[in-house]
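Note: the block below is entry-v4.cif and it holds mmCIF, C-alpha atoms.
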```
data_run
#
loop_
_atom_site.label_atom_id
_atom_site.label_comp_id
_atom_site.auth_asym_id
_atom_site.auth_seq_id
_atom_site.Cartn_x
_atom_site.Cartn_y
_atom_site.Cartn_z
CA MET A 1 91.56 133.80 109.69
CA MET A 2 90.78 130.13 110.36
CA LYS A 3 87.45 130.50 108.58
CA ASP A 4 89.19 131.86 105.46
CA LEU A 5 91.51 128.87 105.46
CA LEU A 6 88.64 126.40 105.84
CA ASP A 7 86.69 128.18 103.09
CA LYS A 8 89.70 127.80 100.80
CA ILE A 9 89.94 124.09 101.65
CA ASP A 10 86.24 123.59 100.90
CA SER A 11 86.58 125.47 97.61
CA LEU A 12 89.45 123.23 96.48
CA GLN A 13 87.51 120.20 97.67
CA ARG A 14 84.62 121.11 95.38
CA GLU A 15 87.10 121.37 92.51
CA ILE A 16 88.59 117.96 93.37
CA ASN A 17 85.13 116.41 93.53
CA LYS A 18 84.52 117.38 89.90
CA TYR A 19 87.12 114.77 88.89
CA ARG A 20 85.51 112.00 90.94
CA PRO A 21 84.93 109.13 90.77
CA PHE A 22 88.37 108.08 89.55
CA ASP A 23 88.92 104.88 87.63
CA GLU A 24 90.70 102.00 89.37
CA PRO A 25 94.15 102.54 87.78
CA MET A 26 94.14 106.20 88.86
CA LEU A 27 92.99 105.29 92.38
CA GLY A 28 95.77 102.72 92.65
CA GLN A 29 98.40 105.21 91.52
CA LEU A 30 97.22 107.87 93.96
CA LYS A 31 97.10 105.42 96.86
CA SER A 32 100.65 104.25 96.11
CA TYR A 33 101.89 107.82 95.74
CA TYR A 34 100.60 108.87 99.16
CA ARG A 35 101.71 105.59 100.78
CA ILE A 36 105.33 106.60 100.19
CA GLY A 37 104.84 110.23 101.20
CA LEU A 38 102.92 109.51 104.38
CA THR A 39 105.13 106.60 105.47
CA TYR A 40 108.32 108.57 104.90
CA SER A 41 107.13 111.79 106.54
CA SER A 42 105.43 110.20 109.55
CA ASN A 43 108.45 108.05 110.33
CA ALA A 44 110.95 110.85 109.69
CA LEU A 45 109.14 113.05 112.22
CA GLU A 46 110.05 110.42 114.82
CA GLY A 47 113.71 110.17 113.83
CA ASN A 48 113.64 107.44 111.17
CA SER A 49 116.71 107.90 108.95
CA LEU A 50 115.28 106.58 105.65
CA THR A 51 114.90 109.19 102.93
CA GLU A 52 111.75 109.32 100.82
CA THR A 53 113.57 107.56 97.97
CA GLU A 54 114.90 104.88 100.33
CA THR A 55 111.42 104.40 101.76
CA LYS A 56 110.15 103.81 98.24
CA VAL A 57 112.88 101.23 97.58
CA VAL A 58 112.10 99.37 100.82
CA LEU A 59 108.33 99.31 100.21
CA GLU A 60 108.16 98.77 96.47
CA ASP A 61 111.31 96.78 95.75
CA GLY A 62 111.66 94.90 99.02
CA LEU A 63 115.30 95.86 99.33
CA THR A 64 117.28 96.90 102.37
CA ILE A 65 119.37 100.06 102.51
CA GLY A 66 123.01 99.51 103.47
CA GLY A 67 124.08 101.28 106.62
CA LYS A 68 120.53 102.00 107.79
CA PRO A 69 119.19 100.43 111.04
CA LEU A 70 116.94 97.39 110.80
CA ARG A 71 114.34 99.17 112.94
CA ASP A 72 114.04 101.93 110.32
CA HIS A 73 113.17 99.31 107.70
CA LEU A 74 110.66 97.65 110.03
CA GLU A 75 109.01 100.99 110.76
CA ALA A 76 108.57 101.61 107.02
CA LEU A 77 107.09 98.17 106.42
CA GLY A 78 104.86 98.37 109.48
CA HIS A 79 103.56 101.82 108.61
CA SER A 80 102.77 100.67 105.08
CA GLN A 81 100.69 97.80 106.47
CA ALA A 82 98.90 100.16 108.87
CA TYR A 83 98.26 102.48 105.90
CA ASP A 84 96.51 99.64 104.06
CA PHE A 85 94.44 98.90 107.15
CA MET A 86 93.50 102.57 107.42
CA PHE A 87 92.12 102.42 103.87
CA SER A 88 90.05 99.36 104.76
CA LEU A 89 88.20 101.51 107.33
CA ILE A 90 87.29 104.39 105.03
CA LYS A 91 83.71 103.30 104.36
CA GLN A 92 82.78 102.99 108.03
CA ASN A 93 81.79 105.79 110.39
CA LEU A 94 84.75 106.94 112.50
CA PHE A 95 86.64 104.12 114.26
CA THR A 96 86.44 101.81 117.24
CA GLU A 97 88.84 100.92 120.01
CA GLN A 98 89.63 97.69 118.17
CA ASP A 99 90.51 99.71 115.05
CA VAL A 100 92.94 101.84 117.06
CA LEU A 101 94.57 98.75 118.58
CA ALA A 102 94.79 97.09 115.17
CA LEU A 103 96.47 100.14 113.61
CA HIS A 104 99.11 100.07 116.32
CA ARG A 105 99.52 96.31 115.98
CA MET A 106 100.08 96.60 112.23
CA PHE A 107 102.73 99.26 112.70
CA TYR A 108 104.51 97.85 115.75
CA ARG A 109 104.31 94.06 115.63
CA GLN A 110 107.64 93.57 113.84
CA ILE A 111 109.35 95.89 116.32
CA ASP A 112 107.93 94.52 119.59
CA ASP A 113 105.21 91.92 119.18
CA LYS A 114 104.40 91.82 122.90
CA GLN A 115 103.67 95.55 123.06
CA ALA A 116 101.96 95.78 119.65
CA GLY A 117 98.27 96.57 119.87
CA CYS A 118 98.36 96.78 123.67
CA TYR A 119 98.00 99.79 125.93
CA ARG A 120 101.17 100.64 127.79
CA ARG A 121 101.59 99.34 131.32
CA GLN A 122 104.22 101.75 132.55
CA ARG A 123 104.72 105.46 133.01
CA VAL A 124 106.32 107.44 130.21
CA PHE A 125 107.67 110.97 129.96
CA ILE A 126 107.60 113.14 126.84
CA SER A 127 110.93 114.88 126.37
CA GLY A 128 110.57 118.58 125.75
CA SER A 129 107.01 118.79 127.08
CA ARG A 130 105.92 120.50 130.27
CA TYR A 131 102.78 118.41 130.46
CA PRO A 132 102.70 114.86 131.88
CA VAL A 133 100.72 112.14 130.13
CA PRO A 134 98.12 110.10 132.04
CA ASP A 135 99.30 107.27 134.22
CA TRP A 136 98.87 103.87 132.58
CA PRO A 137 96.04 102.49 134.80
CA ASP A 138 93.82 105.37 133.58
CA ILE A 139 94.27 104.68 129.87
CA PRO A 140 91.42 102.19 129.22
CA LYS A 141 88.86 104.51 130.82
CA LEU A 142 90.23 107.60 129.08
CA MET A 143 90.13 105.85 125.71
CA GLU A 144 86.56 104.67 126.33
CA GLU A 145 85.41 108.18 127.24
CA TRP A 146 87.24 109.74 124.29
CA LEU A 147 85.83 107.32 121.73
CA LYS A 148 82.31 107.75 123.12
CA GLN A 149 82.22 111.51 122.54
CA LEU A 150 83.76 111.51 119.04
CA PRO A 151 80.45 111.33 117.10
CA GLU A 152 79.10 114.43 118.85
CA GLN A 153 82.34 116.34 118.28
CA ALA A 154 82.24 115.45 114.59
CA LYS A 155 78.81 117.07 114.29
CA LYS A 156 79.90 120.33 115.92
CA LEU A 157 83.19 120.99 114.13
CA HIS A 158 84.35 121.47 110.57
CA LEU A 159 85.72 118.05 109.65
CA VAL A 160 89.28 119.35 109.19
CA GLU A 161 89.18 120.87 112.67
CA PHE A 162 87.69 117.66 114.00
CA ALA A 163 90.59 115.71 112.48
CA ALA A 164 93.04 118.01 114.27
CA GLN A 165 91.19 117.48 117.54
CA VAL A 166 91.32 113.70 117.09
CA HIS A 167 95.08 113.97 116.72
CA ARG A 168 95.47 116.26 119.72
CA ASP A 169 93.32 114.24 122.12
CA PHE A 170 94.86 110.91 121.16
CA VAL A 171 98.42 112.16 121.63
CA PHE A 172 97.52 113.67 124.99
CA ILE A 173 96.18 110.30 126.21
CA HIS A 174 99.35 108.66 124.82
CA PRO A 175 98.02 105.11 125.16
CA PHE A 176 100.96 103.16 123.71
CA ILE A 177 104.55 102.68 124.79
CA ASP A 178 105.72 103.90 121.37
CA GLY A 179 104.18 104.85 118.03
CA ASN A 180 101.55 107.26 119.40
CA GLY A 181 102.40 110.02 116.94
CA ARG A 182 102.21 107.70 113.97
CA VAL A 183 98.88 106.22 115.05
CA ALA A 184 97.58 109.76 115.72
CA ARG A 185 98.48 110.81 112.18
CA LEU A 186 96.83 107.69 110.74
CA LEU A 187 93.64 108.39 112.71
CA THR A 188 93.69 112.02 111.60
CA ASN A 189 93.93 110.94 107.99
CA LEU A 190 91.32 108.24 108.44
CA VAL A 191 88.63 110.71 109.54
CA LEU A 192 89.62 113.05 106.70
CA LEU A 193 89.33 110.27 104.13
CA GLN A 194 86.05 109.01 105.60
CA THR A 195 84.49 112.41 104.97
CA GLY A 196 85.87 112.90 101.46
CA TYR A 197 88.79 115.18 102.30
CA LEU A 198 92.42 114.45 101.49
CA ILE A 199 95.14 113.33 103.86
CA ALA A 200 97.38 115.72 105.78
CA ILE A 201 101.05 115.03 105.21
CA ILE A 202 103.37 116.73 107.72
CA PRO A 203 106.78 117.28 106.10
CA PRO A 204 109.75 116.71 108.42
CA ILE A 205 110.90 120.28 107.71
CA THR A 206 107.84 121.50 109.64
CA ARG A 207 108.61 119.33 112.69
CA SER A 208 109.47 122.25 114.96
CA GLU A 209 106.22 124.07 114.14
CA TYR A 210 104.27 120.82 114.50
CA ILE A 211 105.67 119.99 117.94
CA SER A 212 105.40 123.59 119.13
CA SER A 213 101.76 123.98 118.07
CA LEU A 214 100.88 120.62 119.63
CA GLU A 215 102.51 121.67 122.90
CA LYS A 216 100.54 124.94 122.89
CA ALA A 217 97.36 122.94 122.25
CA HIS A 218 97.35 121.91 125.91
CA THR A 219 95.93 125.35 126.63
CA ASP A 220 94.90 126.72 123.21
CA ASP A 221 94.71 124.54 120.09
CA THR A 222 94.19 127.38 117.59
CA ALA A 223 97.70 127.13 116.15
CA PHE A 224 97.51 123.34 115.91
CA ARG A 225 94.13 123.37 114.14
CA ARG A 226 95.53 125.86 111.66
CA PHE A 227 98.68 123.79 111.18
CA ILE A 228 96.69 120.67 110.27
CA ALA A 229 94.39 122.68 108.00
CA GLU A 230 97.41 124.09 106.15
CA ARG A 231 98.73 120.57 105.62
CA VAL A 232 95.37 119.50 104.15
CA LEU A 233 95.42 122.52 101.85
CA GLU A 234 98.92 121.71 100.59
CA THR A 235 97.89 118.11 99.86
CA GLN A 236 94.87 119.37 97.91
CA LYS A 237 97.10 121.56 95.74
CA ASP A 238 99.45 118.63 95.15
CA TYR A 239 96.49 116.34 94.37
CA LEU A 240 95.07 118.73 91.78
CA ARG A 241 98.50 119.03 90.16
CA LEU A 242 98.67 115.24 89.86
CA ILE A 243 95.21 114.66 88.39
CA LYS A 244 95.04 117.58 85.95
#
```
Once more with this new file: its structure as structure tokens, please.
Amino acid sequence: MMKDLLDKIDSLQREINKYRPFDEPMLGQLKSYYRIGLTYSSNALEGNSLTETETKVVLEDGLTIGGKPLRDHLEALGHSQAYDFMFSLIKQNLFTEQDVLALHRMFYRQIDDKQAGCYRRQRVFISGSRYPVPDWPDIPKLMEEWLKQLPEQAKKLHLVEFAAQVHRDFVFIHPFIDGNGRVARLLTNLVLLQTGYLIAIIPPITRSEYISSLEKAHTDDTAFRRFIAERVLETQKDYLRLIK
């Protein structure tokens, strides 16, 4: 079943590749289009109250939305900056620890500058999860070990499955005090973009399935790998609709 899904993704990818390379105006439009979608969806998954239209107004018009919390605006602006940084890493191979810290710093510095781009130094608990996250003194070593084995994992797995595994492992380490899910989704999309695939946007309506499959991934990540693959497939369909 997973193989059929991946075969379908690869088939659509070959169709998308026929339209490449795009000219600069088209690339700019597509990047802007997905900036709004990814910023809105990733923040909404974490409880941000801005709608997709409001996110667009904040990012493109620089306006504030009456009645909406300041933090929600800062999260939109910070995610947009992290999105730009993610695109600056596309031509390199995978990512480094400094890249991970910089992504978090971009997203979080307007919210809490002291915690931005720094590993957490306190214990945290994930509400709704039966599985504890590592204690904070273990984080630097866990991150080092995880980053070291990424190249070998990338060689063994289909790249869409590898992207899902990047997401899973990063969230399980949970290195930051806040913003781990958003950085995980940026890293997932970074490795997809680096290998020529399209980003995976997770609509807020799928939040329950997303959280449930990620929780199950502690013992069996089949459902989570499929979930991420389905999100890539939906983006491909949307992408083809836009460019045709």
Review point. Skipping near chain neighbours, those fewer than 4 positions away, what residues fall within 10 Å of A:Ser129 using all atoms listed in the file, listed as a VMD selection string?
Key: chain A and resid 125 133 211 to 212 214 to 216
So which residues fall inside 12 Å of (87.6, 127.2, 108.7) if we count only C-alpha atoms? Mind giving them as a PDB file with C-alpha atoms, in the coordinates of the input?
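Result written to part37.pdb:
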```
ATOM      1  CA  MET A   1      91.560 133.800 109.690  1.00  0.00           C
ATOM      2  CA  MET A   2      90.780 130.130 110.360  1.00  0.00           C
ATOM      3  CA  LYS A   3      87.450 130.500 108.580  1.00  0.00           C
ATOM      4  CA  ASP A   4      89.190 131.860 105.460  1.00  0.00           C
ATOM      5  CA  LEU A   5      91.510 128.870 105.460  1.00  0.00           C
ATOM      6  CA  LEU A   6      88.640 126.400 105.840  1.00  0.00           C
ATOM      7  CA  ASP A   7      86.690 128.180 103.090  1.00  0.00           C
ATOM      8  CA  LYS A   8      89.700 127.800 100.800  1.00  0.00           C
ATOM      9  CA  ILE A   9      89.940 124.090 101.650  1.00  0.00           C
ATOM     10  CA  ASP A  10      86.240 123.590 100.900  1.00  0.00           C
ATOM     11  CA  SER A  11      86.580 125.470  97.610  1.00  0.00           C
ATOM     12  CA  LEU A 157      83.190 120.990 114.130  1.00  0.00           C
ATOM     13  CA  HIS A 158      84.350 121.470 110.570  1.00  0.00           C
ATOM     14  CA  LEU A 159      85.720 118.050 109.650  1.00  0.00           C
ATOM     15  CA  VAL A 160      89.280 119.350 109.190  1.00  0.00           C
ATOM     16  CA  GLU A 161      89.180 120.870 112.670  1.00  0.00           C
ATOM     17  CA  PHE A 162      87.690 117.660 114.000  1.00  0.00           C
ATOM     18  CA  THR A 222      94.190 127.380 117.590  1.00  0.00           C
ATOM     19  CA  ARG A 225      94.130 123.370 114.140  1.00  0.00           C
ATOM     20  CA  ARG A 226      95.530 125.860 111.660  1.00  0.00           C
ATOM     21  CA  PHE A 227      98.680 123.790 111.180  1.00  0.00           C
ATOM     22  CA  ILE A 228      96.690 120.670 110.270  1.00  0.00           C
ATOM     23  CA  ALA A 229      94.390 122.680 108.000  1.00  0.00           C
ATOM     24  CA  GLU A 230      97.410 124.090 106.150  1.00  0.00           C
ATOM     25  CA  VAL A 232      95.370 119.500 104.150  1.00  0.00           C
ATOM     26  CA  LEU A 233      95.420 122.520 101.850  1.00  0.00           C
TER      27      LEU A 233
END
```
- Query: Please, which residues are within 7 Å of (92.9, 117.5, 102.1) by the file's coordinates, counting only C-alpha atoms, and could they come as a list in words?
  - Reply: Tyr197, Leu198, Ile199, Ala200, Val232, Leu233, Thr235 and Gln236 of chain A
Please produce an output containing C-alpha atoms for each residue in the selection, written as an mmCIF file, in the coordinates of the input.
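What ended up in result19.cif:
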```
data_model
loop_
_atom_site.group_PDB
_atom_site.id
_atom_site.type_symbol
_atom_site.label_atom_id
_atom_site.label_comp_id
_atom_site.auth_asym_id
_atom_site.auth_seq_id
_atom_site.Cartn_x
_atom_site.Cartn_y
_atom_site.Cartn_z
ATOM 1 C CA TYR A 197 88.790 115.180 102.300
ATOM 2 C CA LEU A 198 92.420 114.450 101.490
ATOM 3 C CA ILE A 199 95.140 113.330 103.860
ATOM 4 C CA ALA A 200 97.380 115.720 105.780
ATOM 5 C CA VAL A 232 95.370 119.500 104.150
ATOM 6 C CA LEU A 233 95.420 122.520 101.850
ATOM 7 C CA THR A 235 97.890 118.110 99.860
ATOM 8 C CA GLN A 236 94.870 119.370 97.910
#
```
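The interatomic distance for the pair atom CA of A:Ala116 and atom CA of A:Arg168 works out to 21.5 Å.
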May I ask for the distance between atom CA of A:Ala82 and atom CA of A:Leu27, given in Å to one decimal place?
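If I compute the distance from atom CA of A:Ala82 to atom CA of A:Leu27, I get 18.3 Å.
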query = So which residues get picked by the PyMOL selection byres ((chain A and resi 99) around 12) here, written as a list in words?
reply =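 Evaluating the PyMOL selection byres ((chain A and resi 99) around 12) on these coordinates yields Ala82, Phe85, Met86, Phe87, Ser88, Leu89, Ile90, Gln92, Asn93, Leu94, Phe95, Thr96, Glu97, Gln98, Val100, Leu101, Ala102, Leu103, His104, Arg105, Met106, Gly117, Leu147, Val183, Leu186, Leu187 and Leu190 of chain A.
Across the model, the gap from atom CA of A:Arg121 to atom CA of A:Trp136 is 5.4 Å.
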Practice problem: Might you spell out which residues the PyMOL selection byres ((chain A and resi 80) around 12) would select in the displayed file, as a VMD selection string? | Solution: chain A and resid 31 to 40 42 to 43 55 to 56 58 to 60 73 to 79 81 to 87 103 to 104 106 to 108 182 186
Skipping near chain neighbours, those fewer than 4 positions away, what residues fall within 9 Å of A:Gly196 using all atoms listed in the file, listed as JSON, numbers by chain? {"A": [13, 17, 191, 192]}
message = List the spatial neighbours of A:Arg120 as a list of chain:residue names - criterion: any atom at most 7 Å away, only C-alpha atoms, same-chain residues fewer than 3 positions off excluded.
response =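 After dropping sequence-adjacent residues, the list is A:Trp136, A:Pro175, A:Phe176, A:Ile177.
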Judged by all atoms listed in the file, the minimum distance to A:Gln115 among A:Asp61, A:Asp238, A:Asp178, A:Asp221 is found for A:Asp178
- Task: Can you give me, as a list in words, the residues this file yields under the PyMOL selection byres ((chain A and resi 134) around 8)?
- Result: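 In the shown coordinates, the PyMOL selection byres ((chain A and resi 134) around 8) covers Pro132, Val133, Asp135, Trp136, Asp138, Ile139, Phe172, Ile173 and His174 of chain A.
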Please identify all polymer residues within 10 Å of A:Arg207, counting all atoms listed in the file, omitting same-chain residues fewer than 5 positions from it, and present them as a ChimeraX atom specification. /A:41,44-46,202,212-213
Closest of A:Gln149, A:Thr188, A:Gln165, A:Gln29 to A:Phe224 - atom-to-atom distances counting only C-alpha atoms: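 Using only C-alpha atoms, the shortest distance to A:Phe224 belongs to A:Gln165.
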